[in-house]
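Novice: Contents of data.cif (mmCIF, C-alpha atoms and all ligand atoms) are below:
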data_upload
loop_
_atom_site.group_PDB
_atom_site.id
_atom_site.type_symbol
_atom_site.label_atom_id
_atom_site.label_comp_id
_atom_site.auth_asym_id
_atom_site.auth_seq_id
_atom_site.Cartn_x
_atom_site.Cartn_y
_atom_site.Cartn_z
ATOM 1 C CA MET K 185 4.445 -33.403 -81.872
ATOM 2 C CA SER K 186 3.148 -30.046 -82.999
ATOM 3 C CA HIS K 187 4.152 -26.766 -81.399
ATOM 4 C CA ILE K 188 1.324 -24.688 -82.798
ATOM 5 C CA SER K 189 -0.407 -23.965 -79.503
ATOM 6 C CA GLU K 190 2.857 -23.010 -77.802
ATOM 7 C CA ASN K 191 3.802 -20.800 -80.726
ATOM 8 C CA ILE K 192 0.458 -19.043 -80.717
ATOM 9 C CA LYS K 193 0.730 -18.379 -76.994
ATOM 10 C CA LYS K 194 4.271 -17.089 -77.413
ATOM 11 C CA TYR K 195 3.348 -14.724 -80.243
ATOM 12 C CA ARG K 196 0.189 -13.492 -78.580
ATOM 13 C CA GLU K 197 2.233 -12.599 -75.499
ATOM 14 C CA GLN K 198 4.733 -10.712 -77.641
ATOM 15 C CA MET K 199 2.144 -8.464 -79.271
ATOM 16 C CA PRO K 200 2.239 -4.940 -77.863
ATOM 17 C CA GLU K 201 -1.093 -3.287 -77.139
ATOM 18 C CA GLY K 202 -2.677 -2.123 -80.357
ATOM 19 C CA VAL K 203 -0.990 -4.732 -82.537
ATOM 20 C CA THR K 204 -3.185 -7.522 -83.914
ATOM 21 C CA LEU K 205 -1.799 -10.966 -84.667
ATOM 22 C CA VAL K 206 -3.139 -12.479 -87.874
ATOM 23 C CA ALA K 207 -2.285 -16.195 -87.894
ATOM 24 C CA VAL K 208 -1.516 -16.997 -91.527
ATOM 25 C CA SER K 209 -2.821 -20.518 -92.016
ATOM 26 C CA LYS K 210 -2.694 -20.895 -95.806
ATOM 27 C CA THR K 211 -2.050 -24.475 -97.005
ATOM 28 C CA LYS K 212 -2.523 -25.800 -93.445
ATOM 29 C CA PRO K 213 -5.237 -28.301 -92.506
ATOM 30 C CA VAL K 214 -8.206 -27.361 -90.329
ATOM 31 C CA SER K 215 -6.752 -29.511 -87.518
ATOM 32 C CA ASP K 216 -3.756 -27.142 -87.331
ATOM 33 C CA LEU K 217 -6.001 -24.075 -87.268
ATOM 34 C CA MET K 218 -8.096 -25.674 -84.530
ATOM 35 C CA GLU K 219 -4.989 -26.074 -82.355
ATOM 36 C CA ALA K 220 -4.514 -22.322 -82.587
ATOM 37 C CA TYR K 221 -8.226 -21.741 -82.022
ATOM 38 C CA GLU K 222 -8.227 -23.851 -78.856
ATOM 39 C CA VAL K 223 -5.671 -21.528 -77.253
ATOM 40 C CA GLY K 224 -7.611 -18.405 -78.142
ATOM 41 C CA GLN K 225 -6.596 -17.372 -81.648
ATOM 42 C CA ARG K 226 -9.598 -15.985 -83.538
ATOM 43 C CA ILE K 227 -8.040 -14.188 -86.499
ATOM 44 C CA PHE K 228 -6.770 -16.228 -89.419
ATOM 45 C CA GLY K 229 -5.261 -15.097 -92.715
ATOM 46 C CA GLU K 230 -5.543 -17.006 -95.974
ATOM 47 C CA ASN K 231 -4.395 -16.172 -99.493
ATOM 48 C CA LYS K 232 -6.726 -18.359 -101.584
ATOM 49 C CA ILE K 233 -10.400 -17.481 -101.540
ATOM 50 C CA GLN K 234 -11.813 -20.964 -102.055
ATOM 51 C CA GLU K 235 -9.513 -22.474 -99.442
ATOM 52 C CA MET K 236 -10.606 -19.795 -96.960
ATOM 53 C CA ALA K 237 -14.291 -20.402 -97.764
ATOM 54 C CA ALA K 238 -13.914 -24.138 -97.206
ATOM 55 C CA LYS K 239 -12.260 -23.545 -93.833
ATOM 56 C CA TRP K 240 -14.909 -20.989 -92.868
ATOM 57 C CA GLU K 241 -17.646 -23.545 -93.545
ATOM 58 C CA GLU K 242 -15.987 -26.160 -91.424
ATOM 59 C CA MET K 243 -14.811 -24.062 -88.470
ATOM 60 C CA PRO K 244 -16.438 -22.198 -85.545
ATOM 61 C CA LYS K 245 -18.256 -19.042 -86.561
ATOM 62 C CA ASP K 246 -16.562 -16.666 -84.129
ATOM 63 C CA ILE K 247 -13.422 -16.609 -86.284
ATOM 64 C CA GLU K 248 -12.429 -13.464 -88.194
ATOM 65 C CA TRP K 249 -11.210 -14.338 -91.680
ATOM 66 C CA HIS K 250 -8.684 -12.090 -93.390
ATOM 67 C CA MET K 251 -7.896 -12.387 -97.079
ATOM 68 C CA ILE K 252 -4.226 -11.466 -97.340
ATOM 69 C CA GLY K 253 -3.507 -12.550 -100.924
ATOM 70 C CA HIS K 254 -4.067 -10.987 -104.304
ATOM 71 C CA VAL K 255 -7.787 -11.003 -105.109
ATOM 72 C CA GLN K 256 -9.295 -11.962 -108.456
ATOM 73 C CA ARG K 257 -12.501 -10.100 -109.050
ATOM 74 C CA ASN K 258 -14.475 -13.131 -110.198
ATOM 75 C CA LYS K 259 -13.848 -14.847 -106.853
ATOM 76 C CA VAL K 260 -14.963 -12.050 -104.524
ATOM 77 C CA LYS K 261 -18.452 -13.585 -104.358
ATOM 78 C CA TYR K 262 -17.156 -16.674 -102.558
ATOM 79 C CA MET K 263 -15.886 -14.692 -99.573
ATOM 80 C CA ALA K 264 -18.364 -11.810 -99.496
ATOM 81 C CA PRO K 265 -20.737 -13.563 -97.041
ATOM 82 C CA PHE K 266 -18.135 -13.795 -94.288
ATOM 83 C CA VAL K 267 -14.750 -12.125 -94.902
ATOM 84 C CA ASN K 268 -13.799 -9.557 -92.225
ATOM 85 C CA LEU K 269 -10.879 -7.792 -93.842
ATOM 86 C CA ILE K 270 -9.356 -7.822 -97.322
ATOM 87 C CA HIS K 271 -5.716 -6.744 -97.015
ATOM 88 C CA ALA K 272 -4.518 -6.383 -100.586
ATOM 89 C CA VAL K 273 -6.933 -4.164 -102.498
ATOM 90 C CA ASP K 274 -5.162 -2.394 -105.340
ATOM 91 C CA SER K 275 -7.769 -0.931 -107.676
ATOM 92 C CA LEU K 276 -11.077 0.906 -107.839
ATOM 93 C CA LYS K 277 -12.398 -1.879 -110.077
ATOM 94 C CA LEU K 278 -11.799 -4.393 -107.315
ATOM 95 C CA LEU K 279 -13.376 -2.088 -104.708
ATOM 96 C CA LYS K 280 -16.470 -1.826 -106.894
ATOM 97 C CA GLU K 281 -16.737 -5.596 -107.140
ATOM 98 C CA ILE K 282 -16.295 -6.001 -103.364
ATOM 99 C CA ASN K 283 -18.954 -3.335 -102.826
ATOM 100 C CA LYS K 284 -21.373 -5.089 -105.176
ATOM 101 C CA GLU K 285 -20.974 -8.450 -103.460
ATOM 102 C CA ALA K 286 -21.075 -6.899 -99.982
ATOM 103 C CA LEU K 287 -24.367 -5.219 -100.872
ATOM 104 C CA LYS K 288 -25.839 -8.534 -102.053
ATOM 105 C CA ASN K 289 -24.982 -9.949 -98.641
ATOM 106 C CA ASN K 290 -26.204 -6.924 -96.730
ATOM 107 C CA ARG K 291 -22.758 -6.328 -95.307
ATOM 108 C CA THR K 292 -20.006 -3.747 -95.143
ATOM 109 C CA ILE K 293 -16.604 -5.227 -95.931
ATOM 110 C CA ASN K 294 -13.440 -3.700 -94.502
ATOM 111 C CA CYS K 295 -10.519 -3.254 -96.868
ATOM 112 C CA LEU K 296 -6.890 -2.193 -96.786
ATOM 113 C CA LEU K 297 -5.142 -0.662 -99.767
ATOM 114 C CA GLN K 298 -1.916 -2.408 -100.691
ATOM 115 C CA VAL K 299 0.923 0.023 -101.244
ATOM 116 C CA LYS K 300 3.963 -1.113 -103.179
ATOM 117 C CA ILE K 301 7.060 -0.507 -101.081
ATOM 118 C CA ALA K 302 9.362 -3.318 -102.224
ATOM 119 C CA ASP K 303 11.748 -2.903 -105.123
ATOM 120 C CA GLU K 304 10.610 -6.197 -106.627
ATOM 121 C CA ASP K 305 8.429 -6.460 -109.719
ATOM 122 C CA SER K 306 6.564 -9.454 -108.352
ATOM 123 C CA LYS K 307 4.844 -7.568 -105.553
ATOM 124 C CA PHE K 308 1.425 -6.141 -106.233
ATOM 125 C CA GLY K 309 0.300 -2.820 -104.947
ATOM 126 C CA LEU K 310 -0.420 0.815 -105.658
ATOM 127 C CA SER K 311 2.118 3.602 -105.875
ATOM 128 C CA GLN K 312 1.778 6.230 -103.162
ATOM 129 C CA GLU K 313 0.331 8.640 -105.730
ATOM 130 C CA ASP K 314 -2.296 6.126 -106.837
ATOM 131 C CA THR K 315 -3.162 5.341 -103.214
ATOM 132 C CA THR K 316 -3.807 9.016 -102.535
ATOM 133 C CA ALA K 317 -5.781 9.375 -105.757
ATOM 134 C CA LEU K 318 -7.932 6.360 -104.963
ATOM 135 C CA LEU K 319 -8.741 7.615 -101.476
ATOM 136 C CA THR K 320 -9.835 10.978 -102.808
ATOM 137 C CA SER K 321 -11.662 9.624 -105.851
ATOM 138 C CA GLU K 322 -15.272 10.753 -106.111
ATOM 139 C CA ASN K 323 -16.334 7.274 -107.174
ATOM 140 C CA LEU K 324 -15.465 6.034 -103.736
ATOM 141 C CA GLN K 325 -18.336 7.995 -102.184
ATOM 142 C CA ASP K 326 -20.811 5.767 -104.011
ATOM 143 C CA LEU K 327 -19.421 2.586 -102.529
ATOM 144 C CA LYS K 328 -21.437 2.414 -99.322
ATOM 145 C CA ASN K 329 -20.742 -1.248 -98.566
ATOM 146 C CA ILE K 330 -16.980 -1.072 -98.307
ATOM 147 C CA LYS K 331 -14.851 0.694 -95.748
ATOM 148 C CA ILE K 332 -11.179 1.402 -96.282
ATOM 149 C CA ILE K 333 -9.659 1.177 -92.832
ATOM 150 C CA GLY K 334 -5.952 1.248 -93.567
ATOM 151 C CA LEU K 335 -2.945 0.263 -95.636
ATOM 152 C CA MET K 336 -0.942 -2.908 -96.171
ATOM 153 C CA GLY K 337 2.550 -3.449 -97.508
ATOM 154 C CA MET K 338 5.244 -6.055 -97.959
ATOM 155 C CA ALA K 339 8.941 -5.319 -97.701
ATOM 156 C CA THR K 340 11.450 -6.733 -100.164
ATOM 157 C CA PHE K 341 12.441 -10.349 -99.542
ATOM 158 C CA THR K 342 16.007 -9.694 -98.393
ATOM 159 C CA ASP K 343 18.397 -10.171 -95.482
ATOM 160 C CA ASN K 344 19.245 -6.485 -95.607
ATOM 161 C CA GLN K 345 17.589 -5.145 -92.459
ATOM 162 C CA ASP K 346 18.313 -1.526 -93.303
ATOM 163 C CA GLN K 347 16.433 -1.879 -96.567
ATOM 164 C CA ILE K 348 13.455 -3.504 -94.822
ATOM 165 C CA ILE K 349 13.396 -0.763 -92.189
ATOM 166 C CA SER K 350 13.530 1.991 -94.770
ATOM 167 C CA GLU K 351 10.676 0.416 -96.747
ATOM 168 C CA PHE K 352 8.544 0.158 -93.601
ATOM 169 C CA LYS K 353 9.340 3.802 -92.833
ATOM 170 C CA VAL K 354 8.106 4.795 -96.280
ATOM 171 C CA LEU K 355 4.818 2.991 -95.687
ATOM 172 C CA LYS K 356 4.380 4.430 -92.196
ATOM 173 C CA SER K 357 4.975 7.967 -93.383
ATOM 174 C CA CYS K 358 2.518 7.458 -96.263
ATOM 175 C CA PHE K 359 0.007 6.163 -93.690
ATOM 176 C CA ASP K 360 0.560 9.132 -91.354
ATOM 177 C CA THR K 361 0.182 11.622 -94.182
ATOM 178 C CA LEU K 362 -3.035 10.061 -95.492
ATOM 179 C CA GLN K 363 -4.481 9.682 -92.015
ATOM 180 C CA LYS K 364 -4.594 13.455 -91.623
ATOM 181 C CA ASP K 365 -7.218 13.748 -94.369
ATOM 182 C CA HIS K 366 -8.730 10.292 -93.895
ATOM 183 C CA PRO K 367 -9.098 9.583 -90.172
ATOM 184 C CA GLN K 368 -10.887 6.303 -90.932
ATOM 185 C CA LEU K 369 -7.442 4.851 -91.697
ATOM 186 C CA THR K 370 -6.509 3.165 -88.443
ATOM 187 C CA GLN K 371 -4.804 -0.070 -89.485
ATOM 188 C CA LEU K 372 -1.323 -0.559 -90.882
ATOM 189 C CA SER K 373 -0.754 -4.174 -91.889
ATOM 190 C CA MET K 374 2.972 -4.818 -92.173
ATOM 191 C CA GLY K 375 5.325 -7.520 -90.961
ATOM 192 C CA MET K 376 5.577 -11.292 -91.468
ATOM 193 C CA SER K 377 7.548 -14.056 -89.702
ATOM 194 C CA ALA K 378 10.942 -12.745 -90.722
ATOM 195 C CA ASP K 379 10.412 -9.030 -90.173
ATOM 196 C CA PHE K 380 7.513 -8.543 -87.751
ATOM 197 C CA LYS K 381 9.717 -7.134 -84.975
ATOM 198 C CA LEU K 382 11.060 -4.443 -87.259
ATOM 199 C CA ALA K 383 7.526 -3.792 -88.507
ATOM 200 C CA ILE K 384 6.198 -3.286 -84.983
ATOM 201 C CA GLU K 385 9.047 -0.898 -84.202
ATOM 202 C CA GLU K 386 8.128 1.061 -87.318
ATOM 203 C CA GLY K 387 4.472 1.374 -86.363
ATOM 204 C CA SER K 388 2.636 -1.699 -87.609
ATOM 205 C CA THR K 389 -0.800 -2.363 -86.079
ATOM 206 C CA MET K 390 -1.284 -5.780 -87.686
ATOM 207 C CA VAL K 391 1.287 -8.501 -88.292
ATOM 208 C CA ARG K 392 0.697 -11.495 -90.560
ATOM 209 C CA ILE K 393 2.622 -14.471 -89.213
ATOM 210 C CA GLY K 394 2.511 -17.899 -90.819
ATOM 211 C CA SER K 395 5.499 -20.189 -90.962
ATOM 212 C CA SER K 396 6.891 -19.401 -87.536
ATOM 213 C CA ILE K 397 3.569 -20.428 -85.999
ATOM 214 C CA PHE K 398 2.462 -23.318 -88.198
ATOM 215 C CA GLY K 399 5.811 -24.470 -89.597
ATOM 216 C CA ALA K 400 7.067 -24.423 -93.174
ATOM 217 C CA ARG K 401 4.452 -24.706 -95.906
ATOM 218 C CA ASN K 402 4.312 -27.526 -98.430
ATOM 219 C CA TYR K 403 3.250 -26.441 -101.872
ATOM 220 C CA ASN K 404 2.416 -29.334 -104.124
HETATM 221 C C1 LIG V 1 2.204 -16.035 -96.606
HETATM 222 C C2 LIG V 1 2.053 -14.609 -96.271
HETATM 223 C C3 LIG V 1 2.411 -14.122 -95.006
HETATM 224 C C4 LIG V 1 3.054 -14.978 -93.926
HETATM 225 O O1 LIG V 1 4.363 -15.286 -94.266
HETATM 226 P P1 LIG V 1 5.333 -16.038 -93.218
HETATM 227 O O2 LIG V 1 6.681 -15.686 -93.719
HETATM 228 O O3 LIG V 1 5.024 -17.475 -93.341
HETATM 229 O O4 LIG V 1 5.058 -15.488 -91.881
HETATM 230 C C5 LIG V 1 2.181 -12.787 -94.740
HETATM 231 N N1 LIG V 1 1.633 -11.964 -95.652
HETATM 232 C C6 LIG V 1 1.269 -12.398 -96.871
HETATM 233 C C7 LIG V 1 0.664 -11.439 -97.816
HETATM 234 C C8 LIG V 1 1.471 -13.731 -97.230
HETATM 235 O O5 LIG V 1 1.110 -14.139 -98.446
#
How does the structure come out when it is put into structure tokens?
Ligand SMILES: *Cc1c(COP(=O)(O)O)cnc(C)c1O
Specialist:
Amino acid sequence: MSHISENIKKYREQMPEGVTLVAVSKTKPVSDLMEAYEVGQRIFGENKIQEMAAKWEEMPKDIEWHMIGHVQRNKVKYMAPFVNLIHAVDSLKLLKEINKEALKNNRTINCLLQVKIADEDSKFGLSQEDTTALLTSENLQDLKNIKIIGLMGMATFTDNQDQIISEFKVLKSCFDTLQKDHPQLTQLSMGMSADFKLAIEEGSTMVRIGSSIFGARNYN
């Protein structure tokens, strides 16, 4: 028996006001997503563009699809017709591509800039300096079909809670500083299954929770 609907209900109840639950459904079959849908979940996060597009085609159209993974520029076109939020934007080149494809579809696509806060090489993301530079870049003014609405970050994969907390604090303070000059930044996407409580305490407005809702993932 699956516990997806109970888990979704439990997590939705736990979300404080102003914190959005993104149900991370990557690798999971549409039947699992539909269980979450049936109990009211409408925001799903995926990390592979083609997998997300296939699910979008098959599922009800009132779902908001979030791309949470690293984005390859040549695949932006597959999600441009429907994606609601791209969490992990880390270059002007990518923003230009998203803008181009959004324009073709007559849409504005919301984006978050991914800031590197973990001390791991494997994590993508911009330095704080590059984030600031990107937000103030003149080139950005020309991109009318994208909107940068916040920041996203991932803490180091560790059991050390103090380290996780201090990384979240770095991201929150970067967010607060940038928000003063860029009031369109309203969303701070941080926190996953293992650290979402800490993330919410540190000011997250969007948590991305996968395995503790849908169960462990099988990668083949
Ligand atoms: C997979 C993934 C998540 C969810 O991770 P869980 O530990 O399963 O909750 C969150 N954010 C990103 C960017 C991911 O790739």
Novice: Could you list, as number ranges by chain, every residue within 12 Å of Thr361 of chain K, counting only C-alpha atoms and ignoring same-chain residues fewer than 6 positions away?
Specialist: K: 312-313, 315-316, 335, 354-355, 367, 369
Novice: Quick one: apply the PyMOL selection byres (((not hetatm)) within 7 of (chain V and resi 1)) to the file and drop the selected residues here as a ChimeraX atom specification.
Specialist: /K:208,210,231,252-253,376-378,392-396
Novice: Taking the file as shown, find all residues satisfying the PyMOL selection byres (((chain K and resi 257-270) around 7) and not hetatm) and write them as a list in words.
Specialist: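 Applied to this file, the PyMOL selection byres (((chain K and resi 257-270) around 7) and not hetatm) returns Ile233, Gln234, Ala237, Glu248, Trp249, His250, Met251, Ile252, Val255, Gln256, His271, Ala272, Val273, Leu278, Glu281, Ile282, Glu285, Ala286, Asn289, Ile293, Asn294, Cys295 and Leu296 of chain K.
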Novice: Work out how far apart atom CA of Lys300 of chain K and atom CA of Leu319 of chain K are and give it in Å to one decimal.
Specialist: 15.5 Å
Novice: Would you compute the distance between atom CA of Gln298 of chain K and atom CA of Lys381 of chain K? Give it in Å to one decimal.
Specialist: 20.1 Å
Novice: Which residue is closest to Leu205 of chain K? Choose from K:Ser311, K:Asn191, K:Ile227, K:Asp326 and count all atoms listed in the file.
Specialist: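 So, comparing all the options, the nearest one is K:Ile227.
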Novice: With distances taken over only C-alpha atoms, which of K:Arg291, K:Lys356, K:Gly399, K:Asp274 is nearest to Ser189 of chain K?
Specialist: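 Looking only at the distances to Ser189 of chain K, the closest residue turns out to be K:Gly399.
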Novice: Which residues, named as in the file, does the PyMOL selection byres (((chain K and resi 348) around 12) and not hetatm) pick out? Answer as number ranges by chain.
Specialist: K: 301-303, 337-347, 349-355, 374-376, 378-383, 385-386
Novice: Nearest to Ile397 of chain K: which of K:Met243, K:Val214, K:Leu327, K:Ala220 is it, counting all atoms listed in the file?
Specialist: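 Result for the nearest residue to Ile397 of chain K: K:Ala220.
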Novice: When you look at Leu287 of chain K with a cut-off of 9 Å (counting only C-alpha atoms), what residues show up, excluding the ones that are within fewer than 6 positions of it in the same chain? I need them as a list in words.
Specialist: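 Here the answer would be Lys328, Asn329 and Ile330 of chain K.
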Novice: Rank nothing, just name the residue among K:Gln225, K:Thr370, K:Ser275, K:Thr320 nearest to Leu297 of chain K, using all atoms listed in the file.
Specialist: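 When distances to Leu297 of chain K are compared using all atoms listed in the file, the smallest one comes from K:Ser275.
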Novice: Using all atoms listed in the file for the distances, tell me which of K:Asp365, K:Glu241, K:Glu197, K:Asp246 is nearest to Arg226 of chain K.
Specialist: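 Distance minimum relative to Arg226 of chain K lands on K:Asp246.
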Novice: Is it possible to add all heavy atoms to segment 274-285 of chain K and hand it back as a tab-separated table (two decimals), in the coordinates of the input?
Specialist:
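Writing done, so here's part.tsv:
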chain	number	residue	atom	x	y	z
K	274	ASP	N	-6.07	-3.26	-104.58
K	274	ASP	CA	-5.16	-2.39	-105.34
K	274	ASP	C	-5.81	-1.72	-106.56
K	274	ASP	O	-5.10	-1.28	-107.45
K	274	ASP	CB	-3.90	-3.17	-105.74
K	274	ASP	CG	-4.23	-4.35	-106.64
K	274	ASP	OD1	-5.42	-4.55	-106.95
K	274	ASP	OD2	-3.29	-5.06	-107.02
K	275	SER	N	-7.14	-1.68	-106.58
K	275	SER	CA	-7.77	-0.93	-107.68
K	275	SER	C	-9.21	-0.55	-107.33
K	275	SER	O	-9.85	-1.20	-106.49
K	275	SER	CB	-7.78	-1.75	-108.97
K	275	SER	OG	-8.71	-2.81	-108.87
K	276	LEU	N	-9.69	0.48	-108.01
K	276	LEU	CA	-11.08	0.91	-107.84
K	276	LEU	C	-12.03	-0.16	-108.39
K	276	LEU	O	-13.09	-0.41	-107.83
K	276	LEU	CB	-11.30	2.25	-108.56
K	276	LEU	CG	-12.66	2.90	-108.37
K	276	LEU	CD1	-12.94	3.23	-106.90
K	276	LEU	CD2	-12.78	4.16	-109.23
K	277	LYS	N	-11.60	-0.80	-109.48
K	277	LYS	CA	-12.40	-1.88	-110.08
K	277	LYS	C	-12.67	-2.98	-109.06
K	277	LYS	O	-13.79	-3.48	-108.95
K	277	LYS	CB	-11.62	-2.50	-111.24
K	277	LYS	CG	-12.10	-2.09	-112.60
K	277	LYS	CD	-11.29	-2.87	-113.64
K	277	LYS	CE	-11.95	-2.77	-115.01
K	277	LYS	NZ	-11.10	-3.42	-116.04
K	278	LEU	N	-11.64	-3.35	-108.33
K	278	LEU	CA	-11.80	-4.39	-107.32
K	278	LEU	C	-12.70	-3.90	-106.18
K	278	LEU	O	-13.57	-4.63	-105.71
K	278	LEU	CB	-10.42	-4.83	-106.78
K	278	LEU	CG	-10.41	-5.87	-105.67
K	278	LEU	CD1	-11.15	-7.14	-106.08
K	278	LEU	CD2	-8.96	-6.22	-105.28
K	279	LEU	N	-12.51	-2.65	-105.76
K	279	LEU	CA	-13.38	-2.09	-104.71
K	279	LEU	C	-14.84	-2.11	-105.13
K	279	LEU	O	-15.72	-2.41	-104.31
K	279	LEU	CB	-12.96	-0.65	-104.39
K	279	LEU	CG	-11.76	-0.48	-103.47
K	279	LEU	CD1	-11.35	0.99	-103.42
K	279	LEU	CD2	-12.05	-0.99	-102.06
K	280	LYS	N	-15.08	-1.82	-106.41
K	280	LYS	CA	-16.47	-1.83	-106.89
K	280	LYS	C	-17.06	-3.22	-106.83
K	280	LYS	O	-18.23	-3.40	-106.47
K	280	LYS	CB	-16.52	-1.31	-108.34
K	280	LYS	CG	-16.38	0.19	-108.43
K	280	LYS	CD	-16.48	0.66	-109.88
K	280	LYS	CE	-16.43	2.19	-109.96
K	280	LYS	NZ	-16.17	2.65	-111.33
K	281	GLU	N	-16.27	-4.21	-107.18
K	281	GLU	CA	-16.74	-5.60	-107.14
K	281	GLU	C	-17.01	-6.02	-105.69
K	281	GLU	O	-18.02	-6.65	-105.39
K	281	GLU	CB	-15.69	-6.51	-107.79
K	281	GLU	CG	-16.05	-7.99	-107.78
K	281	GLU	CD	-17.26	-8.32	-108.66
K	281	GLU	OE1	-17.62	-7.50	-109.53
K	281	GLU	OE2	-17.84	-9.42	-108.46
K	282	ILE	N	-16.10	-5.66	-104.79
K	282	ILE	CA	-16.30	-6.00	-103.36
K	282	ILE	C	-17.57	-5.33	-102.85
K	282	ILE	O	-18.38	-5.94	-102.15
K	282	ILE	CB	-15.06	-5.59	-102.52
K	282	ILE	CG1	-13.82	-6.36	-102.96
K	282	ILE	CG2	-15.33	-5.81	-101.03
K	282	ILE	CD1	-12.51	-5.81	-102.40
K	283	ASN	N	-17.76	-4.07	-103.25
K	283	ASN	CA	-18.95	-3.34	-102.83
K	283	ASN	C	-20.23	-4.02	-103.32
K	283	ASN	O	-21.20	-4.18	-102.58
K	283	ASN	CB	-18.88	-1.90	-103.36
K	283	ASN	CG	-20.01	-1.04	-102.85
K	283	ASN	OD1	-20.05	-0.70	-101.67
K	283	ASN	ND2	-20.96	-0.74	-103.71
K	284	LYS	N	-20.20	-4.44	-104.57
K	284	LYS	CA	-21.37	-5.09	-105.18
K	284	LYS	C	-21.73	-6.36	-104.42
K	284	LYS	O	-22.89	-6.61	-104.07
K	284	LYS	CB	-21.06	-5.41	-106.65
K	284	LYS	CG	-22.25	-5.89	-107.45
K	284	LYS	CD	-21.86	-6.22	-108.90
K	284	LYS	CE	-21.48	-7.68	-109.02
K	284	LYS	NZ	-20.90	-8.05	-110.32
K	285	GLU	N	-20.72	-7.17	-104.14
K	285	GLU	CA	-20.97	-8.45	-103.46
K	285	GLU	C	-21.32	-8.24	-101.98
K	285	GLU	O	-22.11	-8.99	-101.41
K	285	GLU	CB	-19.77	-9.39	-103.62
K	285	GLU	CG	-19.51	-9.82	-105.06
K	285	GLU	CD	-20.66	-10.62	-105.67
K	285	GLU	OE1	-21.35	-11.35	-104.93
K	285	GLU	OE2	-20.88	-10.50	-106.90
